[in-house]
Every structure is written in structure tokens, then in C-alpha cells.
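Down below is the structure, laid out as C-alpha cells.
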Amino acid sequence: MSAEGFWGPERISGKVVKQLKALKSAIEPWETAFKKCQELHELATLLKSEDGELISDLINNIEALASETEKLEFKALLGEELDSSSAILSINAGAGGTESCDWVAMLLRMYTRFAERHGYDVKTIDTLFGEEAGVKNVTVLIEGEYAYGYLKAERGVHRLVRISPFDANKRRHTSFASVDVIPEIEEDIDIKLEEKELRIDVYRSKGAGGQSVNTTDSAVRITHIPTGIVAQCQNERSQHQNKQTALKIIKARIYEFEREKKEQELQKLYAAGKKKIEFGSQIRSYVMHPYNLVKDHRTDFETGDVNKVMDGGIDEFIEAYLKKQASV
């Protein structure tokens, strides 16, 4: 960075500065923890049995350091290539009509609150509202360091069991929604898209109704013909902005498509006798009646505090999943 001319091309310098920031965020907390450990060790060798108050302070500091180190060890699980990226998260309603649409809206709130807890920014890219209530499908960009690393644990089908607020007879209903998470792809990652491989459609944006309806033909849908992958955006101010956002999403989806294809090829070679990854299989159940329970079927981690989970408290589920993946 101190080399002459480094601050010339903004794209190159920006990439290096971002890399430096990522390295510092990984290394400096460990260096700080190690230094604190040395200081506590030195203090422990100087204390005598009659220094009751100082010993109590030492124990509190050791416990705090142990807690901080545990968090650092967990973050070390996020070591894959794109774990530090922002995340593009999509939620789609399953069978069940209004019930499933309402479930999508509930999950959207859960992930929005999770993002707020971690200091991430949430930007809505595309929304299709339900006919009566809720949301049929929604795509959001969750911007922040390691957003993808955390939220990749949420990919799969989520099942809700509750007394339906839309049923006059107050019967129990089961709803399903699928969650897909892909990393936001930076511009410098080489994903080549030829114009002849893309079909670009422009259509009228749809809002929630009333004054929020966008009456211009600014929404953009892009289809990658060879793979059939589709991306669309209608929430930006102009057709050009919608097109650029849709292109970014389709690049990310193609990257993820190629990654999954390679992963499946590796599984054929090395996963004899192991359980296959079944995309679209149920990963977690949220039961609100006749009892309260949220259970992840991949890790068997569960909690009875449904309200905490629905308010964004999904960190323990993510941690259990990442730890299990690391041990495989």
C-alpha cells in the first residue's frame, strides 16, 4: 500500500484495502486474546492465597477470555472461499396458499431481525406479495462481513405447525417455505456471461397496492438460457439499476450452480455409504401448537423458546450446523 502509484486505479487499491481489512479482522482478535492470556498468567504467578479480591478479579477475567476465545474458535469455522461475502437470500412459499405466504413473511422478519442483531444491512431486491396476505416469494441482499458464512446454514425447507389465524375453525395447519442462500459475487470473480446466452425481459413492477404501485415498465427479468437460471429485480429506481442488480444475482446463482455441480461430482466419488445432500428436504421444524419447539433435523439441536427464534435468535442453530459440518 505504500508503493508509489498504489492509490491510482481505484478498483485495484480498493480490493487490496478490503483484503487487508479482512486479514486484520481475522488476526488482531487472536493477538489481543493471546496477549491478555499472557498478562493473566503473569498476574496469577504473583498472587498469594490471601489476595482474595484480586483472585476473584482474575477468575472473572479468565472466564471472559474463555468466552471470547470460544467465539473466535467458532468464527474460524467460516473458512471457505466466499464465507466472508454478503448474502443473497430468497424465500419461496410452498403448498398451502395464504398460510405459506404468511410463513414466508414470518421468516423474512426473522432473518431481518437476525441481520439487525449482527449489524448487517438488508436491501429488498424483489417481492411478490400473496393474494390475500403475506408474501409468495422475496429476495433480499443482506450486506455485511460473513453474512453468507452464517446464513448458508439456513438453506433448505422450513416447516411451520400452528393454529391458523386464517381458519375460522381454529384448526392446526402445516406450512412449508424454502430458503435459498447464495454469496454476493464480487466484480473481480471471473463469471463470463455472453449476451447471446441471456434473455432479458422488461415488465411492469408490482407493488403492495395503493400509492406504492410502480406504474413504469422498469422491472427486469434475466434468464440464462443454457442453465435456465432466472433472476429478476423490480425494487430499484430505474430499469438500468434493476438490470445491473439482476445481472449481479444471476452471476451469483451461476457461480453457486457450478459449485454445487462440482460438489455432487465429488460426492459420487467419495460419499459411498454417506447420506446425500437432498436439496429441498426439510431442515427445521417450528412447532407452535400443541407445544412450543423449534428443532433442526440435521443437528438435532432444539429449543422451546419459539418467540426468541422468530425474533432473529437463530445463532445457536447456525453454530450447531457449522460445528457438525466441520466435524464431518
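Residue numbers start at 1 in each chain; chains themselves are named A, B, ... in the order of the C-alpha cells; ligands are numbered from 1 in the order shown.
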
task = Name the residues of segment 95-320 of chain A that fall into helix (DSSP H, G or I) according to DSSP on the backbone, using the chain letters and numbers of this document, as a VMD selection string.
result = chain A and resid 98 to 117 147 to 154 195 to 197 210 to 212 239 to 270 306 to 310 315 to 320

task = Compile the contact shell of Lys71 of chain A as a VMD selection string: residues with an atom at most 12 Å away, counting only C-alpha atoms, same-chain residues fewer than 5 positions apart removed.
result = chain A and resid 29 to 30 33 64 to 66 76 to 78 315 to 316 319

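Between atom CA of Phe6 of chain A and atom CA of Glu143 of chain A lies a distance of 27.1 Å.
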
key: For Gly144 of chain A: contacts at 6 Å, only C-alpha atoms, fewer than 2 positions along chain excluded, given as a list in words   =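 After dropping sequence-adjacent residues, the list is Ser86, Tyr120 and Ala147 of chain A.
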
Give me a file of those residues, with N, CA, C and O atoms, as a PDB file, in the first residue's frame.
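Result file out.pdb:
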```pdb
ATOM      1  N   SER A  86     -21.229 -10.987   1.460  1.00  0.00           N
ATOM      2  CA  SER A  86     -22.624 -10.691   1.753  1.00  0.00           C
ATOM      3  C   SER A  86     -23.480 -11.816   1.180  1.00  0.00           C
ATOM      4  O   SER A  86     -22.999 -12.627   0.381  1.00  0.00           O
ATOM      5  N   TYR A 120     -25.949  -6.003  10.113  1.00  0.00           N
ATOM      6  CA  TYR A 120     -25.989  -6.111   8.656  1.00  0.00           C
ATOM      7  C   TYR A 120     -27.074  -5.194   8.090  1.00  0.00           C
ATOM      8  O   TYR A 120     -28.054  -4.873   8.765  1.00  0.00           O
ATOM      9  N   ALA A 147     -21.885 -12.563   6.262  1.00  0.00           N
ATOM     10  CA  ALA A 147     -23.335 -12.804   6.203  1.00  0.00           C
ATOM     11  C   ALA A 147     -23.619 -14.145   5.518  1.00  0.00           C
ATOM     12  O   ALA A 147     -24.451 -14.930   5.983  1.00  0.00           O
TER      13      ALA A 147
END
```

request  = Extract, using only C-alpha atoms, all DNA, RNA and protein residues at most 7 Å from His173 of chain A, discarding same-chain residues fewer than 6 positions from it, and format them as a ChimeraX atom specification.
outcome  = /A:161-164

Output the selection as a PDB file, in the first residue's frame - C-alpha atoms for each residue.
```pdb
ATOM      1  CA  VAL A 161     -47.046 -26.083  12.605  1.00  0.00           C
ATOM      2  CA  ARG A 162     -49.561 -23.752  14.291  1.00  0.00           C
ATOM      3  CA  ILE A 163     -53.215 -22.840  14.771  1.00  0.00           C
ATOM      4  CA  SER A 164     -54.043 -20.887  11.637  1.00  0.00           C
TER       5      SER A 164
END
```
